[in-house]
Structure formats: structure tokens, C-alpha cells
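Just data.pdb here, PDB, C-alpha atoms:
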```
ATOM      1  CA  MET N   1     180.944  84.308 -36.590
ATOM      2  CA  ALA N   2     182.702  81.649 -34.497
ATOM      3  CA  GLY N   3     181.816  78.746 -36.770
ATOM      4  CA  VAL N   4     179.076  76.613 -38.160
ATOM      5  CA  THR N   5     177.516  73.934 -36.008
ATOM      6  CA  SER N   6     178.994  70.595 -37.009
ATOM      7  CA  ILE N   7     177.524  67.086 -37.066
ATOM      8  CA  ASN N   8     180.014  64.188 -36.963
ATOM      9  CA  LEU N   9     179.459  60.441 -36.850
ATOM     10  CA  VAL N  10     181.219  58.790 -33.881
ATOM     11  CA  GLU N  11     180.594  55.029 -33.620
ATOM     12  CA  HIS N  12     176.781  54.795 -33.911
ATOM     13  CA  ALA N  13     176.193  58.252 -32.531
ATOM     14  CA  LEU N  14     175.998  61.710 -34.029
ATOM     15  CA  LEU N  15     178.106  64.307 -32.287
ATOM     16  CA  VAL N  16     176.584  67.764 -32.636
ATOM     17  CA  SER N  17     178.680  70.729 -31.529
ATOM     18  CA  ILE N  18     176.535  73.806 -31.021
ATOM     19  CA  GLN N  19     178.257  77.179 -31.398
ATOM     20  CA  ASP N  20     177.662  80.063 -29.013
ATOM     21  CA  ASP N  21     176.471  82.432 -31.741
ATOM     22  CA  ILE N  22     174.095  80.041 -33.516
ATOM     23  CA  THR N  23     171.221  81.905 -35.168
ATOM     24  CA  ASP N  24     167.544  80.934 -35.390
ATOM     25  CA  THR N  25     167.941  80.101 -39.103
ATOM     26  CA  GLU N  26     170.908  77.834 -38.395
ATOM     27  CA  ILE N  27     168.914  76.062 -35.684
ATOM     28  CA  LEU N  28     166.129  75.226 -38.125
ATOM     29  CA  GLU N  29     168.733  73.941 -40.600
ATOM     30  CA  LEU N  30     170.335  71.897 -37.837
ATOM     31  CA  GLN N  31     167.014  70.227 -36.946
ATOM     32  CA  ASP N  32     166.542  69.370 -40.589
ATOM     33  CA  ARG N  33     170.066  68.005 -41.133
ATOM     34  CA  LEU N  34     170.041  66.089 -37.853
ATOM     35  CA  SER N  35     166.739  64.306 -38.477
ATOM     36  CA  THR N  36     167.881  63.293 -41.981
ATOM     37  CA  LYS N  37     171.221  61.987 -40.709
ATOM     38  CA  ILE N  38     169.595  59.984 -37.908
ATOM     39  CA  SER N  39     167.332  58.129 -40.306
ATOM     40  CA  GLU N  40     170.019  57.629 -42.978
ATOM     41  CA  ASN N  41     172.705  56.251 -40.685
ATOM     42  CA  ARG N  42     170.709  54.022 -38.276
ATOM     43  CA  ILE N  43     171.840  56.111 -35.355
ATOM     44  CA  ASP N  44     171.511  54.921 -31.733
ATOM     45  CA  GLY N  45     172.255  58.193 -30.076
ATOM     46  CA  VAL N  46     172.762  61.903 -30.450
ATOM     47  CA  ILE N  47     175.348  63.702 -28.367
ATOM     48  CA  LEU N  48     174.863  67.448 -28.112
ATOM     49  CA  ASP N  49     178.100  69.152 -27.151
ATOM     50  CA  ILE N  50     177.193  72.499 -25.585
ATOM     51  CA  SER N  51     180.603  73.308 -24.095
ATOM     52  CA  ALA N  52     180.871  76.319 -26.431
ATOM     53  CA  LEU N  53     177.657  77.828 -25.079
ATOM     54  CA  GLU N  54     178.325  80.700 -22.669
ATOM     55  CA  ILE N  55     174.656  80.833 -21.765
ATOM     56  CA  VAL N  56     171.518  78.770 -22.314
ATOM     57  CA  ASP N  57     168.431  80.960 -22.235
ATOM     58  CA  THR N  58     164.829  79.715 -22.522
ATOM     59  CA  PHE N  59     165.039  79.844 -26.327
ATOM     60  CA  VAL N  60     168.167  77.693 -26.580
ATOM     61  CA  GLY N  61     166.816  75.435 -23.805
ATOM     62  CA  ARG N  62     163.720  74.860 -25.898
ATOM     63  CA  VAL N  63     165.862  74.100 -28.956
ATOM     64  CA  ILE N  64     167.809  71.467 -27.000
ATOM     65  CA  ALA N  65     164.532  69.906 -25.818
ATOM     66  CA  GLN N  66     163.215  69.891 -29.397
ATOM     67  CA  LEU N  67     166.371  68.267 -30.771
ATOM     68  CA  ALA N  68     166.013  65.570 -28.096
ATOM     69  CA  GLY N  69     162.326  65.147 -28.979
ATOM     70  CA  ILE N  70     163.073  64.705 -32.682
ATOM     71  CA  SER N  71     165.819  62.163 -31.908
ATOM     72  CA  ARG N  72     163.546  60.189 -29.615
ATOM     73  CA  LEU N  73     160.832  59.948 -32.268
ATOM     74  CA  LEU N  74     163.503  58.557 -34.591
ATOM     75  CA  ALA N  75     164.564  56.013 -31.935
ATOM     76  CA  ALA N  76     167.811  57.663 -30.862
ATOM     77  CA  ASP N  77     168.759  58.664 -27.312
ATOM     78  CA  THR N  78     170.081  62.152 -26.663
ATOM     79  CA  TYR N  79     172.899  63.055 -24.323
ATOM     80  CA  VAL N  80     173.992  66.579 -23.543
ATOM     81  CA  VAL N  81     177.685  66.924 -22.744
ATOM     82  CA  GLY N  82     179.854  69.858 -21.714
ATOM     83  CA  MET N  83     177.311  71.961 -19.859
ATOM     84  CA  ARG N  84     179.155  74.630 -17.892
ATOM     85  CA  PRO N  85     178.396  74.631 -14.148
ATOM     86  CA  THR N  86     177.235  78.256 -14.270
ATOM     87  CA  VAL N  87     174.829  77.339 -17.071
ATOM     88  CA  ALA N  88     173.372  74.489 -14.970
ATOM     89  CA  VAL N  89     172.810  76.850 -12.021
ATOM     90  CA  THR N  90     171.175  79.459 -14.255
ATOM     91  CA  LEU N  91     168.911  76.926 -16.001
ATOM     92  CA  VAL N  92     167.563  75.717 -12.675
ATOM     93  CA  GLU N  93     166.914  79.325 -11.644
ATOM     94  CA  LEU N  94     164.995  79.773 -14.894
ATOM     95  CA  GLY N  95     162.922  76.736 -13.933
ATOM     96  CA  MET N  96     164.221  74.750 -16.904
ATOM     97  CA  TYR N  97     165.064  71.281 -15.661
ATOM     98  CA  LEU N  98     165.034  69.692 -19.141
ATOM     99  CA  PRO N  99     163.669  66.351 -17.874
ATOM    100  CA  GLU N 100     163.770  64.719 -21.320
ATOM    101  CA  ILE N 101     167.516  65.250 -21.603
ATOM    102  CA  ARG N 102     170.157  62.837 -20.363
ATOM    103  CA  THR N 103     173.410  64.459 -19.448
ATOM    104  CA  ALA N 104     176.896  62.987 -19.434
ATOM    105  CA  LEU N 105     180.031  64.512 -18.003
ATOM    106  CA  SER N 106     182.061  63.909 -21.133
ATOM    107  CA  LEU N 107     181.894  62.548 -24.655
ATOM    108  CA  THR N 108     183.590  59.331 -23.488
ATOM    109  CA  HIS N 109     180.984  58.885 -20.789
ATOM    110  CA  ALA N 110     178.120  59.487 -23.234
ATOM    111  CA  LEU N 111     179.546  56.950 -25.716
ATOM    112  CA  ALA N 112     179.943  54.387 -22.910
ATOM    113  CA  GLN N 113     176.294  54.885 -21.931
ATOM    114  CA  LEU N 114     175.187  54.435 -25.534
ATOM    115  CA  ARG N 115     177.166  51.203 -25.931
ATOM    116  CA  ARG N 116     175.253  49.717 -22.997
ATOM    117  CA  VAL N 117     171.865  50.333 -24.629
TER     118      VAL N 117
ATOM    119  CA  MET X   1     146.759 108.780 -34.940
ATOM    120  CA  PRO X   2     149.800 108.978 -32.658
ATOM    121  CA  LEU X   3     150.713 105.885 -30.694
ATOM    122  CA  PRO X   4     150.028 106.035 -26.977
ATOM    123  CA  SER X   5     153.274 107.216 -25.450
ATOM    124  CA  TYR X   6     154.937 105.696 -22.439
ATOM    125  CA  ASP X   7     157.696 106.844 -20.204
ATOM    126  CA  ALA X   8     160.533 104.625 -21.458
ATOM    127  CA  PHE X   9     163.709 104.442 -19.367
ATOM    128  CA  ASP X  10     166.328 106.988 -20.349
ATOM    129  CA  GLU X  11     169.340 108.850 -18.925
ATOM    130  CA  ARG X  12     167.210 110.404 -16.174
ATOM    131  CA  ASP X  13     166.625 106.953 -14.691
ATOM    132  CA  LEU X  14     170.318 106.123 -14.653
ATOM    133  CA  GLY X  15     171.649 108.852 -12.383
ATOM    134  CA  ALA X  16     175.401 109.247 -12.726
ATOM    135  CA  GLN X  17     175.767 106.228 -15.026
ATOM    136  CA  VAL X  18     177.169 106.956 -18.473
ATOM    137  CA  LEU X  19     176.348 105.373 -21.818
ATOM    138  CA  LEU X  20     178.924 102.781 -22.817
ATOM    139  CA  SER X  21     177.435 101.485 -26.061
ATOM    140  CA  GLN X  22     174.202 101.240 -27.983
ATOM    141  CA  PHE X  23     172.880  98.578 -30.346
ATOM    142  CA  LYS X  24     169.937  98.088 -32.690
ATOM    143  CA  LEU X  25     167.945  94.914 -32.123
ATOM    144  CA  ASN X  26     166.562  93.497 -35.360
ATOM    145  CA  THR X  27     167.575  89.857 -35.783
ATOM    146  CA  SER X  28     168.319  87.003 -33.376
ATOM    147  CA  GLY X  29     172.010  87.588 -34.123
ATOM    148  CA  ASP X  30     171.692  91.025 -32.490
ATOM    149  CA  ALA X  31     170.545  89.372 -29.241
ATOM    150  CA  VAL X  32     173.765  87.330 -29.309
ATOM    151  CA  THR X  33     175.830  90.466 -30.004
ATOM    152  CA  VAL X  34     174.429  92.401 -27.039
ATOM    153  CA  ARG X  35     174.694  89.606 -24.500
ATOM    154  CA  GLN X  36     178.267  88.871 -25.632
ATOM    155  CA  ALA X  37     179.119  92.591 -25.311
ATOM    156  CA  VAL X  38     177.666  92.689 -21.781
ATOM    157  CA  ALA X  39     179.472  89.469 -20.804
ATOM    158  CA  ARG X  40     182.805  90.714 -22.181
ATOM    159  CA  TYR X  41     182.599  93.982 -20.256
ATOM    160  CA  MET X  42     181.614  92.218 -17.021
ATOM    161  CA  LYS X  43     184.484  89.717 -17.315
ATOM    162  CA  GLU X  44     186.989  92.509 -18.005
ATOM    163  CA  HIS X  45     185.805  94.254 -14.842
ATOM    164  CA  GLY X  46     186.150  91.296 -12.540
ATOM    165  CA  ALA X  47     182.624  89.877 -12.272
ATOM    166  CA  SER X  48     182.487  86.196 -11.287
ATOM    167  CA  ALA X  49     181.650  83.548 -13.909
ATOM    168  CA  LEU X  50     178.263  82.871 -12.312
ATOM    169  CA  THR X  51     177.367  86.585 -12.113
ATOM    170  CA  VAL X  52     178.261  86.973 -15.796
ATOM    171  CA  THR X  53     176.269  83.913 -16.906
ATOM    172  CA  ARG X  54     173.183  84.899 -14.885
ATOM    173  CA  PHE X  55     173.112  88.485 -16.128
ATOM    174  CA  ALA X  56     174.006  87.608 -19.752
ATOM    175  CA  THR X  57     171.142  85.098 -19.740
ATOM    176  CA  ALA X  58     168.724  87.779 -18.481
ATOM    177  CA  VAL X  59     170.016  90.136 -21.216
ATOM    178  CA  SER X  60     169.441  87.462 -23.847
ATOM    179  CA  GLU X  61     165.851  86.936 -22.663
ATOM    180  CA  ILE X  62     164.835  90.600 -22.809
ATOM    181  CA  ALA X  63     166.685  91.267 -26.090
ATOM    182  CA  ARG X  64     164.966  88.261 -27.681
ATOM    183  CA  ASN X  65     161.606  89.453 -26.372
ATOM    184  CA  ALA X  66     162.084  92.808 -28.111
ATOM    185  CA  ILE X  67     163.049  91.079 -31.374
ATOM    186  CA  VAL X  68     160.454  88.282 -31.360
ATOM    187  CA  HIS X  69     157.429  90.003 -29.800
ATOM    188  CA  ALA X  70     157.986  93.651 -30.711
ATOM    189  CA  GLY X  71     159.663  93.471 -34.118
ATOM    190  CA  GLY X  72     162.922  94.953 -32.815
ATOM    191  CA  GLY X  73     164.159  97.697 -30.574
ATOM    192  CA  GLU X  74     167.214  99.308 -29.085
ATOM    193  CA  PHE X  75     169.645  98.200 -26.430
ATOM    194  CA  SER X  76     171.951 100.428 -24.360
ATOM    195  CA  ILE X  77     174.670  99.599 -21.854
ATOM    196  CA  TYR X  78     175.500 102.038 -19.046
ATOM    197  CA  VAL X  79     178.126 101.963 -16.342
ATOM    198  CA  ASP X  80     178.675 104.089 -13.252
ATOM    199  CA  PRO X  81     181.863 106.212 -13.092
ATOM    200  CA  GLY X  82     183.338 103.973 -10.388
ATOM    201  CA  ARG X  83     182.809 100.882 -12.612
ATOM    202  CA  LYS X  84     180.890  99.205  -9.784
ATOM    203  CA  GLN X  85     177.539  98.806 -11.489
ATOM    204  CA  LEU X  86     176.426  98.008 -15.006
ATOM    205  CA  SER X  87     172.935  98.732 -16.280
ATOM    206  CA  VAL X  88     171.159  97.883 -19.490
ATOM    207  CA  VAL X  89     168.063  99.370 -21.051
ATOM    208  CA  CYS X  90     166.110  97.449 -23.676
ATOM    209  CA  TRP X  91     163.456  99.428 -25.431
ATOM    210  CA  ASP X  92     160.908  98.661 -28.152
ATOM    211  CA  LYS X  93     157.844 100.101 -29.872
ATOM    212  CA  GLY X  94     155.960  96.830 -29.887
ATOM    213  CA  PRO X  95     152.431  95.995 -28.755
ATOM    214  CA  GLY X  96     153.247  96.500 -25.071
ATOM    215  CA  ILE X  97     152.224  94.178 -22.264
ATOM    216  CA  GLU X  98     148.656  94.293 -21.028
ATOM    217  CA  ASP X  99     149.114  92.467 -17.736
ATOM    218  CA  ILE X 100     152.659  92.729 -16.369
ATOM    219  CA  GLU X 101     151.974  90.516 -13.346
ATOM    220  CA  LEU X 102     150.766  87.783 -15.685
ATOM    221  CA  ALA X 103     153.666  88.242 -18.118
ATOM    222  CA  LEU X 104     156.162  87.938 -15.259
ATOM    223  CA  SER X 105     154.589  84.758 -13.901
ATOM    224  CA  ASP X 106     156.111  81.428 -14.872
ATOM    225  CA  GLY X 107     154.176  79.494 -17.439
ATOM    226  CA  TYR X 108     152.576  82.472 -19.156
ATOM    227  CA  THR X 109     153.352  82.809 -22.850
ATOM    228  CA  SER X 110     151.899  85.041 -25.530
ATOM    229  CA  GLY X 111     152.879  82.431 -28.086
ATOM    230  CA  GLY X 112     155.629  79.982 -28.926
ATOM    231  CA  GLY X 113     157.808  80.363 -25.868
ATOM    232  CA  LEU X 114     158.036  78.483 -22.640
ATOM    233  CA  GLY X 115     156.639  81.339 -20.609
ATOM    234  CA  ARG X 116     159.699  81.590 -18.417
ATOM    235  CA  GLY X 117     161.645  84.326 -20.173
ATOM    236  CA  LEU X 118     160.520  87.559 -18.523
ATOM    237  CA  GLY X 119     160.027  86.129 -15.035
ATOM    238  CA  GLY X 120     163.348  84.336 -15.413
ATOM    239  CA  ALA X 121     165.134  87.552 -16.388
ATOM    240  CA  LYS X 122     163.667  89.267 -13.335
ATOM    241  CA  ARG X 123     164.996  86.537 -11.048
ATOM    242  CA  LEU X 124     168.443  86.572 -12.653
ATOM    243  CA  ALA X 125     169.036  90.343 -12.571
ATOM    244  CA  LYS X 126     169.968  92.148  -9.366
ATOM    245  CA  LYS X 127     167.609  94.969 -10.267
ATOM    246  CA  PHE X 128     164.764  94.651 -12.769
ATOM    247  CA  GLU X 129     162.204  97.306 -13.696
ATOM    248  CA  ILE X 130     159.707  97.341 -16.519
ATOM    249  CA  ARG X 131     157.553 100.074 -18.063
ATOM    250  CA  THR X 132     155.038  99.357 -20.767
ATOM    251  CA  ALA X 133     151.953 100.729 -22.495
ATOM    252  CA  VAL X 134     149.559  98.769 -24.667
ATOM    253  CA  GLY X 135     150.182  99.936 -28.235
ATOM    254  CA  GLY X 136     153.176 102.012 -27.100
ATOM    255  CA  GLY X 137     155.976  99.599 -26.351
ATOM    256  CA  THR X 138     157.999  98.097 -23.545
ATOM    257  CA  SER X 139     161.150  99.220 -21.789
ATOM    258  CA  VAL X 140     163.192  97.144 -19.357
ATOM    259  CA  LEU X 141     165.961  98.379 -17.062
ATOM    260  CA  MET X 142     168.249  95.809 -15.418
ATOM    261  CA  SER X 143     171.359  96.299 -13.306
ATOM    262  CA  VAL X 144     174.119  94.166 -11.872
ATOM    263  CA  ASN X 145     176.971  94.890  -9.469
ATOM    264  CA  LEU X 146     180.444  94.331 -10.909
TER     265      LEU X 146
END
```

Output the file's structure in the form of C-alpha cells.
Amino acid sequence: MAGVTSINLVEHALLVSIQDDITDTEILELQDRLSTKISENRIDGVILDISALEIVDTFVGRVIAQLAGISRLLAADTYVVGMRPTVAVTLVELGMYLPEIRTALSLTHALAQLRRV
Amino acid sequence: MPLPSYDAFDERDLGAQVLLSQFKLNTSGDAVTVRQAVARYMKEHGASALTVTRFATAVSEIARNAIVHAGGGEFSIYVDPGRKQLSVVCWDKGPGIEDIELALSDGYTSGGGLGRGLGGAKRLAKKFEIRTAVGGGTSVLMSVNL
């Protein structure tokens, strides 16, 4: 096991680092923890760091969309950072354009976007 | 009453390719294990990053299908003696697929998913073949050039 997915508070955003070997159970726990933390900390944004993900299949793609959906309902914007270029190419081939997700090239970029909101 | 049998892929379909490793598919963690094993082997044998990501994604889709829709299965990795081609066989004893054309089309889902998994895997793999029987199970053979 490479490590547990972490949630850290950075400015008014939650930084979520998703591990490559995350299991279905851990994903459900993550949704639970994330929604609680958003409401407790008056969060403006959620930044999902997926740089550790070697692949994003339709299951993980759906999880990312769901995490963004939960955040939006709790009035927080979601940014995905660290997507590997090969993952972007593969997602488009799968037909998964993830329209509800904003992407940023880096954590710094995502934080700058959130400050402007 | 015996289950309807179907002609699942086996050694006869793989010609000169030899078995490299075999895995049981029971939990979602097993889907991660098999796609990481495939990716590791491909990287060690010089496949490009994009080739690895595409094929590992296809592997993840079919392994997850066996676990989620068929209650588990078995996964085998084969390679040809010249190390030029890698093949995988994913096999289950699940409910089978009634309409393969429909299951391979984008947007079709038998529940929960996005309906892009099987069709997506077919697009991502260099070679993709499927055999299935209702009540018997499903077997998928995919290959990629190294």
C-alpha cells in the first residue's frame, strides 16, 4: 500500500492527494471526510492532486466527478491538478471529458484561481 | 443443473505466447494489482508511457467489470517468446452479457457505471476479443505490442 489519501488545509482550500492504489472503501471514506471538512472549515475550494495516479479509468473518473459534485453542493469550487498528459489523452479516448471539473497546471495556479473568486 | 458452458479463452488462443503470471480477482484492490503488474512489465520492456497508460486503463476496466458485475474472476498475463507482444485474459463465471453490441456501445450501463468501460477498453487495446454466454460467464482477450 503506497499510502492513505490525505486531506490538508491550504489557505481556504482543501488539498486532497489521491493515491494510485486507492480502494473503493477508501473512496467512500474520502467522500465522507471531505464533505465534513468542507462544511466545518468554510472552504472556498477543493484541489484534487492526481499526480500519483498512473491511470484514470471510468470508475476513478466518476469518483472525481462525484467529489466535484459534492464540493459544488457545499459551495466550494474543485480544481484538479497534476493530471499526467498520458492520462488526459486516455480520458478523452474513453469519452470522459469531465466538464464539471476545472483543471489547473499546478497547485500554485489553482490557489491563484481560488483567490480571485 | 450445470451452468451453460462457453468457450473461454485459454492457451489454445494464445499460440506461442507463454503464461507470465496469474491472479485472482475478488476485490477492487485486485484490479489495481493486475493493472500495476501489466504496467510494470510493459515499462520494463520498453513500451512508451502512452502505450502503457492506454493498455493499463483497458486492463483496469475489464478487471473491474469481472469484480463488480460477475463477483470475481481470474486474470492471466501472457507474453510471446520474443517479448514483442503482451496479452491478457480476464475470465469470470458471472451472468454473461446478453447483447455484446449493446454492451460495447458508449452510454450503455447495466447499473451504476458510466457505460463507457467495455467500449472504452476495446478502443484502448490494440486487439480486443470477447466471448460470453448468458449464465455462463465472460472472457476477454486483449493484446498490445511492446

Checklist entry - When the cut-off is 6 Å and we count only C-alpha atoms, which residues of chain N are near chain X, given as JSON, numbers by chain? => result {"N": [23, 55, 57, 86, 90, 94]}

Item to check | Atom pair CA of Lys93 in chain X / CA of Val38 in chain X: separation (Å) | outcome: 22.7 Å

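Shortest separation to Asp24 in chain N among N:Asp44, N:Ile38, N:Val60, N:His12 occurs at residue N:Val60, atoms counted being only C-alpha atoms.
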
Checklist entry - Residues at most 9 Å from Glu98 in chain X, counting all atoms listed in the file, excluding those fewer than 3 positions away in the same chain, as JSON, numbers by chain? => result {"X": [95, 102, 103, 132, 133, 134]}

Checklist entry - Taking the file as shown, what set of residues would the PyMOL selection byres ((chain X and resi 128) around 8) give back, as a ChimeraX atom specification? => result /X:121-122,125-127,129-130,140-143

Generate a file of the selected residues that holds C-alpha atoms, formatted as a PDB file, in the coordinates of the input.
```pdb
ATOM      1  CA  ALA X 121     165.134  87.552 -16.388  1.00  0.00           C
ATOM      2  CA  LYS X 122     163.667  89.267 -13.335  1.00  0.00           C
ATOM      3  CA  ALA X 125     169.036  90.343 -12.571  1.00  0.00           C
ATOM      4  CA  LYS X 126     169.968  92.148  -9.366  1.00  0.00           C
ATOM      5  CA  LYS X 127     167.609  94.969 -10.267  1.00  0.00           C
ATOM      6  CA  GLU X 129     162.204  97.306 -13.696  1.00  0.00           C
ATOM      7  CA  ILE X 130     159.707  97.341 -16.519  1.00  0.00           C
ATOM      8  CA  VAL X 140     163.192  97.144 -19.357  1.00  0.00           C
ATOM      9  CA  LEU X 141     165.961  98.379 -17.062  1.00  0.00           C
ATOM     10  CA  MET X 142     168.249  95.809 -15.418  1.00  0.00           C
ATOM     11  CA  SER X 143     171.359  96.299 -13.306  1.00  0.00           C
TER      12      SER X 143
END
```

Which residues fall under the PyMOL selection byres ((chain X and resi 71-77) around 10) in this file, as a PDB file with C-alpha atoms, keeping the file's coordinate frame?
```
ATOM      1  CA  ASP X  10     166.328 106.988 -20.349  1.00  0.00           C
ATOM      2  CA  GLN X  17     175.767 106.228 -15.026  1.00  0.00           C
ATOM      3  CA  VAL X  18     177.169 106.956 -18.473  1.00  0.00           C
ATOM      4  CA  LEU X  19     176.348 105.373 -21.818  1.00  0.00           C
ATOM      5  CA  LEU X  20     178.924 102.781 -22.817  1.00  0.00           C
ATOM      6  CA  SER X  21     177.435 101.485 -26.061  1.00  0.00           C
ATOM      7  CA  GLN X  22     174.202 101.240 -27.983  1.00  0.00           C
ATOM      8  CA  PHE X  23     172.880  98.578 -30.346  1.00  0.00           C
ATOM      9  CA  LYS X  24     169.937  98.088 -32.690  1.00  0.00           C
ATOM     10  CA  LEU X  25     167.945  94.914 -32.123  1.00  0.00           C
ATOM     11  CA  ASN X  26     166.562  93.497 -35.360  1.00  0.00           C
ATOM     12  CA  THR X  27     167.575  89.857 -35.783  1.00  0.00           C
ATOM     13  CA  SER X  28     168.319  87.003 -33.376  1.00  0.00           C
ATOM     14  CA  ASP X  30     171.692  91.025 -32.490  1.00  0.00           C
ATOM     15  CA  ALA X  31     170.545  89.372 -29.241  1.00  0.00           C
ATOM     16  CA  VAL X  34     174.429  92.401 -27.039  1.00  0.00           C
ATOM     17  CA  ALA X  37     179.119  92.591 -25.311  1.00  0.00           C
ATOM     18  CA  VAL X  38     177.666  92.689 -21.781  1.00  0.00           C
ATOM     19  CA  TYR X  41     182.599  93.982 -20.256  1.00  0.00           C
ATOM     20  CA  VAL X  59     170.016  90.136 -21.216  1.00  0.00           C
ATOM     21  CA  ILE X  62     164.835  90.600 -22.809  1.00  0.00           C
ATOM     22  CA  ALA X  63     166.685  91.267 -26.090  1.00  0.00           C
ATOM     23  CA  ARG X  64     164.966  88.261 -27.681  1.00  0.00           C
ATOM     24  CA  ASN X  65     161.606  89.453 -26.372  1.00  0.00           C
ATOM     25  CA  ALA X  66     162.084  92.808 -28.111  1.00  0.00           C
ATOM     26  CA  ILE X  67     163.049  91.079 -31.374  1.00  0.00           C
ATOM     27  CA  VAL X  68     160.454  88.282 -31.360  1.00  0.00           C
ATOM     28  CA  HIS X  69     157.429  90.003 -29.800  1.00  0.00           C
ATOM     29  CA  ALA X  70     157.986  93.651 -30.711  1.00  0.00           C
ATOM     30  CA  TYR X  78     175.500 102.038 -19.046  1.00  0.00           C
ATOM     31  CA  VAL X  79     178.126 101.963 -16.342  1.00  0.00           C
ATOM     32  CA  LEU X  86     176.426  98.008 -15.006  1.00  0.00           C
ATOM     33  CA  SER X  87     172.935  98.732 -16.280  1.00  0.00           C
ATOM     34  CA  VAL X  88     171.159  97.883 -19.490  1.00  0.00           C
ATOM     35  CA  VAL X  89     168.063  99.370 -21.051  1.00  0.00           C
ATOM     36  CA  CYS X  90     166.110  97.449 -23.676  1.00  0.00           C
ATOM     37  CA  TRP X  91     163.456  99.428 -25.431  1.00  0.00           C
ATOM     38  CA  ASP X  92     160.908  98.661 -28.152  1.00  0.00           C
ATOM     39  CA  LYS X  93     157.844 100.101 -29.872  1.00  0.00           C
ATOM     40  CA  GLY X  94     155.960  96.830 -29.887  1.00  0.00           C
ATOM     41  CA  PRO X  95     152.431  95.995 -28.755  1.00  0.00           C
ATOM     42  CA  GLY X 137     155.976  99.599 -26.351  1.00  0.00           C
ATOM     43  CA  THR X 138     157.999  98.097 -23.545  1.00  0.00           C
ATOM     44  CA  SER X 139     161.150  99.220 -21.789  1.00  0.00           C
ATOM     45  CA  VAL X 140     163.192  97.144 -19.357  1.00  0.00           C
ATOM     46  CA  LEU X 141     165.961  98.379 -17.062  1.00  0.00           C
ATOM     47  CA  MET X 142     168.249  95.809 -15.418  1.00  0.00           C
ATOM     48  CA  SER X 143     171.359  96.299 -13.306  1.00  0.00           C
TER      49      SER X 143
END
```

Checklist entry - If we count only C-alpha atoms, what is near Tyr79 in chain N at a cut-off of 7 Å, once residues fewer than 4 positions away on the same chain are taken out, given as number ranges by chain? => result N: 46-48, 101-104, 110

Checklist entry - Which is closer to Ala76 in chain N than all the others in N:Ser17, N:Thr25, N:Asn41, N:Ser106, using only C-alpha atoms? => result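 Closest to Ala76 in chain N of all the choices is N:Asn41.
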
Checklist entry - Interatomic distance between CA of Pro85 in chain N and CA of Asp80 in chain X? => result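 Pair CA of Pro85 in chain N / CA of Asp80 in chain X returns 29.5 Å.
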
Checklist entry - Could you work out how far CA of Asp49 in chain N lies from CA of Val80 in chain N, giving the answer in Å with one decimal? => result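 A separation of 6.0 Å between them.
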
Item to check | Of the listed residues N:Asp21, N:Val81, N:Ile27, N:Arg33, that which approaches Ile7 in chain N most closely, counting all atoms listed in the file | outcome: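 Distance minimum relative to Ile7 in chain N lands on N:Arg33.
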
Checklist entry - Written as a list in words, which residues does the PyMOL selection byres ((chain N and resi 67-72) around 8) give for the file shown? => result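 Written out, the selection comes to Gln31, Ser35, Ile38, Gly45, Val46, Val63, Ile64, Ala65, Gln66, Leu73, Leu74, Ala75, Ala76, Asp77, Thr78, Glu100 and Ile101 of chain N.
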
Go ahead and save the picked residues with C-alpha atoms, as a PDB file, in the frame of the given file.
```pdb
ATOM      1  CA  GLN N  31     167.014  70.227 -36.946  1.00  0.00           C
ATOM      2  CA  SER N  35     166.739  64.306 -38.477  1.00  0.00           C
ATOM      3  CA  ILE N  38     169.595  59.984 -37.908  1.00  0.00           C
ATOM      4  CA  GLY N  45     172.255  58.193 -30.076  1.00  0.00           C
ATOM      5  CA  VAL N  46     172.762  61.903 -30.450  1.00  0.00           C
ATOM      6  CA  VAL N  63     165.862  74.100 -28.956  1.00  0.00           C
ATOM      7  CA  ILE N  64     167.809  71.467 -27.000  1.00  0.00           C
ATOM      8  CA  ALA N  65     164.532  69.906 -25.818  1.00  0.00           C
ATOM      9  CA  GLN N  66     163.215  69.891 -29.397  1.00  0.00           C
ATOM     10  CA  LEU N  73     160.832  59.948 -32.268  1.00  0.00           C
ATOM     11  CA  LEU N  74     163.503  58.557 -34.591  1.00  0.00           C
ATOM     12  CA  ALA N  75     164.564  56.013 -31.935  1.00  0.00           C
ATOM     13  CA  ALA N  76     167.811  57.663 -30.862  1.00  0.00           C
ATOM     14  CA  ASP N  77     168.759  58.664 -27.312  1.00  0.00           C
ATOM     15  CA  THR N  78     170.081  62.152 -26.663  1.00  0.00           C
ATOM     16  CA  GLU N 100     163.770  64.719 -21.320  1.00  0.00           C
ATOM     17  CA  ILE N 101     167.516  65.250 -21.603  1.00  0.00           C
TER      18      ILE N 101
END
```
